[in-house]
Amino acid sequence: MDIFISIGLGVAIAFIIVFIQKSSLKSVVKQRAASCYIKDGSFKLNTSTDVFLYKKTEKTEKEKKE
Amino acid sequence: MSALLEYKCPCCGGKVEFDSGTQQMKCPYCDSEFTIEAMKEYEAAQAGEQESSMNWDTNAGTEWSDGETAGMKVFLCQSCGGEIIAEETTGASSCPYCGNPVVMKGSFDGDLRPDMVIPFKLDKKTAVEKLSEHLKGKKFLPKMFKDQNHIDEIKGVYVPFWLFDADSDADVRYEAVKERRWEDNRYRYVEKSYYSVRRAGKIAFEHVPVDGSSKMEDDLMESVEPFDYKDAVPFEKAYLSGYLADRYDVSAEESIKRANERIEESVKDKFRESVTGYDSVKAEHTSISLHNGTAKYVLYPVWILNTTWNNQKYTFAMNGQTGKFVGNLPLDKGAFWRAFGIWSVICSVIVYIIKVFLLK
């Protein structure tokens, strides 16, 4: 069982490593936003309110240890 | 007869009622309880909400003065339909978009005159050097691509852009949650506290660029951003000398949609950054309105490099002002899968050692 888990995790980690390396081949991407074009000092908040509404508590029973 | 006042439950949307026992508002459907002040604030925030309004004044560009366009010609590519403008003496011979020959179509007139231009700051030699740097250190780049690195064509092109300036007001309401977790011998507990958060304010944008040419790939042009507008100068025909100018064929009105998309995302990001101290935040209603929206027609400098490899065309672009170099590269599939195999073996062995020897 340990061997299967190790292989599974090993393949998943290897997948992440090679996909990060592969991503360096792609440099043409559409810009998502226009953050470079925000006028300096123009951002001003007039209203900032945080109102508490309600609270909910959930509980789950722990597994019983033998 | 007086009208009944109804409040909607922020949790499930049901009608909440005043509970005389607890002296609070209570939802009979989900049993949530709220103070009266909280309900009033929540309802007031929703009542004041407006729909977004993002409108622009798109009267950009001016008319050419008499004789200014003399000597400028329009060249047409009969393969892809691309149209470029150049001085008659530039001797434009091939299309910067597809590499096929171009023919002189006629004199250039009737188009708008650009408002501003950022002149080329970097030369062709720099573009070639940047290409070499771009190819260095790239894993999975086929070796043959690097070795056979020949450029079919390098063209300095002034690309038409519409630049959008605007002041915006935004009003965003969020649902935010704080979590607290604990456990005892028998149970695990998760307590979630729900908040109605509101942020409203203003933010201004200037020179948001949208590519005005359908032939220049939008994602390629957006990838070489940003351009620094401080180097922009009033347009003079002399700047075109030795370079090509792409002809605009996308109007300012058609470009508005893209400008709105980018501005909206930036407004959402900036306002979202101001909501802190919560474990999760979800925007429930966003209202953005634009004022003083104006558009300018400008030319920005871009070096376009085309190369062909394995019968596939690869296009690279370099920002002619800042030197930012972009271009997608081919993948060596064999090298990719070999590396994946080797890493899989190494990582599996490491995980096995950690699991069997260190964790037990």
# chains A, B, ... in the order shown; residues from 1 in each chain; ligands from 1

$ interface_residues --of "chain B" --to "chain A" --cutoff "6 Å" --atoms "only C-alpha atoms" --output "ChimeraX atom specification"
/B:34,186-206,208,219-220,222-223,262-263,265-266,326-329,340,343-344,347-348,351-352

$ select_by_dssp --residues "region 5-56 of chain A" --states "strand (DSSP E or B)" --output "PDB file with N, CA, C and O atoms, in the first residue's frame"
ATOM      1  N   ILE A  38      -3.849  52.520 -13.227  1.00  0.00           N
ATOM      2  CA  ILE A  38      -4.574  53.237 -12.171  1.00  0.00           C
ATOM      3  C   ILE A  38      -3.812  54.521 -11.889  1.00  0.00           C
ATOM      4  O   ILE A  38      -2.594  54.490 -11.688  1.00  0.00           O
ATOM      5  N   LYS A  44      -9.859  56.175  -3.491  1.00  0.00           N
ATOM      6  CA  LYS A  44     -10.353  56.712  -2.205  1.00  0.00           C
ATOM      7  C   LYS A  44     -11.641  55.978  -1.822  1.00  0.00           C
ATOM      8  O   LYS A  44     -12.560  55.880  -2.629  1.00  0.00           O
ATOM      9  N   LEU A  45     -11.655  55.501  -0.585  1.00  0.00           N
ATOM     10  CA  LEU A  45     -12.869  54.856  -0.087  1.00  0.00           C
ATOM     11  C   LEU A  45     -13.708  55.872   0.673  1.00  0.00           C
ATOM     12  O   LEU A  45     -13.210  56.509   1.597  1.00  0.00           O
ATOM     13  N   ASN A  46     -14.992  56.051   0.278  1.00  0.00           N
ATOM     14  CA  ASN A  46     -15.878  56.969   0.992  1.00  0.00           C
ATOM     15  C   ASN A  46     -16.690  56.232   2.044  1.00  0.00           C
ATOM     16  O   ASN A  46     -17.100  56.815   3.043  1.00  0.00           O
ATOM     17  N   THR A  47     -16.993  54.952   1.745  1.00  0.00           N
ATOM     18  CA  THR A  47     -17.827  54.173   2.654  1.00  0.00           C
ATOM     19  C   THR A  47     -17.150  52.844   2.918  1.00  0.00           C
ATOM     20  O   THR A  47     -16.732  52.156   1.979  1.00  0.00           O
ATOM     21  N   SER A  48     -17.061  52.506   4.207  1.00  0.00           N
ATOM     22  CA  SER A  48     -16.426  51.238   4.573  1.00  0.00           C
ATOM     23  C   SER A  48     -17.167  50.720   5.799  1.00  0.00           C
ATOM     24  O   SER A  48     -16.919  51.183   6.910  1.00  0.00           O
ATOM     25  N   THR A  49     -18.131  49.818   5.594  1.00  0.00           N
ATOM     26  CA  THR A  49     -18.913  49.325   6.736  1.00  0.00           C
ATOM     27  C   THR A  49     -18.862  47.804   6.788  1.00  0.00           C
ATOM     28  O   THR A  49     -18.952  47.126   5.776  1.00  0.00           O
ATOM     29  N   ASP A  50     -18.698  47.293   7.999  1.00  0.00           N
ATOM     30  CA  ASP A  50     -18.695  45.840   8.223  1.00  0.00           C
ATOM     31  C   ASP A  50     -19.756  45.569   9.285  1.00  0.00           C
ATOM     32  O   ASP A  50     -19.588  45.966  10.434  1.00  0.00           O
ATOM     33  N   VAL A  51     -20.856  44.924   8.873  1.00  0.00           N
ATOM     34  CA  VAL A  51     -21.981  44.719   9.791  1.00  0.00           C
ATOM     35  C   VAL A  51     -22.119  43.233  10.098  1.00  0.00           C
ATOM     36  O   VAL A  51     -22.297  42.420   9.184  1.00  0.00           O
ATOM     37  N   PHE A  52     -22.092  42.891  11.377  1.00  0.00           N
ATOM     38  CA  PHE A  52     -22.274  41.497  11.780  1.00  0.00           C
ATOM     39  C   PHE A  52     -23.728  41.110  11.565  1.00  0.00           C
ATOM     40  O   PHE A  52     -24.653  41.837  11.966  1.00  0.00           O
ATOM     41  N   LEU A  53     -23.950  39.954  10.920  1.00  0.00           N
ATOM     42  CA  LEU A  53     -25.309  39.506  10.645  1.00  0.00           C
ATOM     43  C   LEU A  53     -25.731  38.373  11.589  1.00  0.00           C
ATOM     44  O   LEU A  53     -26.697  38.501  12.323  1.00  0.00           O
ATOM     45  N   TYR A  54     -25.027  37.254  11.525  1.00  0.00           N
ATOM     46  CA  TYR A  54     -25.428  36.115  12.362  1.00  0.00           C
ATOM     47  C   TYR A  54     -24.267  35.137  12.464  1.00  0.00           C
ATOM     48  O   TYR A  54     -23.254  35.256  11.778  1.00  0.00           O
ATOM     49  N   LYS A  55     -24.467  34.151  13.366  1.00  0.00           N
ATOM     50  CA  LYS A  55     -23.410  33.180  13.639  1.00  0.00           C
ATOM     51  C   LYS A  55     -24.009  31.777  13.514  1.00  0.00           C
ATOM     52  O   LYS A  55     -25.155  31.562  13.892  1.00  0.00           O
ATOM     53  N   LYS A  56     -23.202  30.823  13.011  1.00  0.00           N
ATOM     54  CA  LYS A  56     -23.685  29.438  12.948  1.00  0.00           C
ATOM     55  C   LYS A  56     -22.573  28.521  13.424  1.00  0.00           C
ATOM     56  O   LYS A  56     -21.412  28.703  13.035  1.00  0.00           O
TER      57      LYS A  56
END

$ residues_around --residues "region 243-250 of chain B" --least-positions-apart "4" --cutoff "7 Å" --atoms "only C-alpha atoms" --output "ChimeraX atom specification"
/B:83-86,156-160,212-214,254-255

$ residues_around --residues "Ser132 (chain B)" --least-positions-apart "4" --cutoff "9 Å" --atoms "only C-alpha atoms" --output "ChimeraX atom specification"
/B:127-128,136,146,149

$ write_last_selection --atoms "C-alpha atoms" --output "PDB file, in the first residue's frame"
ATOM      1  CA  ALA B 127      15.437  43.147 -30.850  1.00  0.00           C
ATOM      2  CA  VAL B 128      17.702  40.384 -32.195  1.00  0.00           C
ATOM      3  CA  LYS B 136      18.100  30.925 -23.148  1.00  0.00           C
ATOM      4  CA  LYS B 146      17.792  27.327 -30.982  1.00  0.00           C
ATOM      5  CA  ASN B 149      17.583  30.365 -35.040  1.00  0.00           C
TER       6      ASN B 149
END

$ residues_around --residues "Arg272 (chain B)" --least-positions-apart "2" --cutoff "10 Å" --atoms "only C-alpha atoms" --output "list of chain:residue names"
B:Val172, B:Arg173, B:Tyr174, B:Arg199, B:Ser266, B:Val267, B:Lys268, B:Asp269, B:Lys270, B:Ser274, B:Val275, B:Thr276, B:Val281, B:Lys282, B:Ala283

$ closest_residue --among "B:Val117, B:Met54, B:Leu358, B:Val16" --to "Tyr229 (chain B)" --atoms "only C-alpha atoms"
B:Val117

$ residues_around --residues "Gln312 (chain B)" --least-positions-apart "4" --cutoff "10 Å" --atoms "only C-alpha atoms" --output "MDAnalysis selection string"
chainID B and resid 307:308 330

$ write_last_selection --atoms "N, CA and C atoms" --output "compact mmCIF listing (two decimals), in the first residue's frame"
# COMPACT_ATOMS: atom_id res chain seq x y z
N THR B 307 9.55 33.94 -37.49
CA THR B 307 10.44 32.85 -37.85
C THR B 307 9.60 31.62 -38.18
N THR B 308 10.12 30.77 -39.06
CA THR B 308 9.39 29.55 -39.42
C THR B 308 10.22 28.35 -39.01
N PRO B 330 8.02 26.52 -29.20
CA PRO B 330 7.55 25.14 -29.38
C PRO B 330 8.03 24.23 -28.25

$ residues_around --residues "Ala47 (chain B)" --least-positions-apart "6" --cutoff "12 Å" --atoms "only C-alpha atoms" --output "ChimeraX atom specification"
/B:7-8,40-41,173,285

$ atom_distance --atom1 "CA of Cys9 (chain B)" --atom2 "CA of Gln24 (chain B)"
12.7 Å

$ closest_residue --among "B:Glu37, B:Asp279, B:Glu17, B:Glu63" --to "Lys178 (chain B)" --atoms "only C-alpha atoms"
B:Asp279

$ select_by_dssp --residues "region 1-50 of chain A" --states "alpha helix (DSSP H)" --output "count of residues only"
22

$ closest_residue --among "B:Ser20, B:Asn185, B:Asn306, B:Ser52" --to "Asn100 (chain B)" --atoms "only C-alpha atoms"
B:Asn306
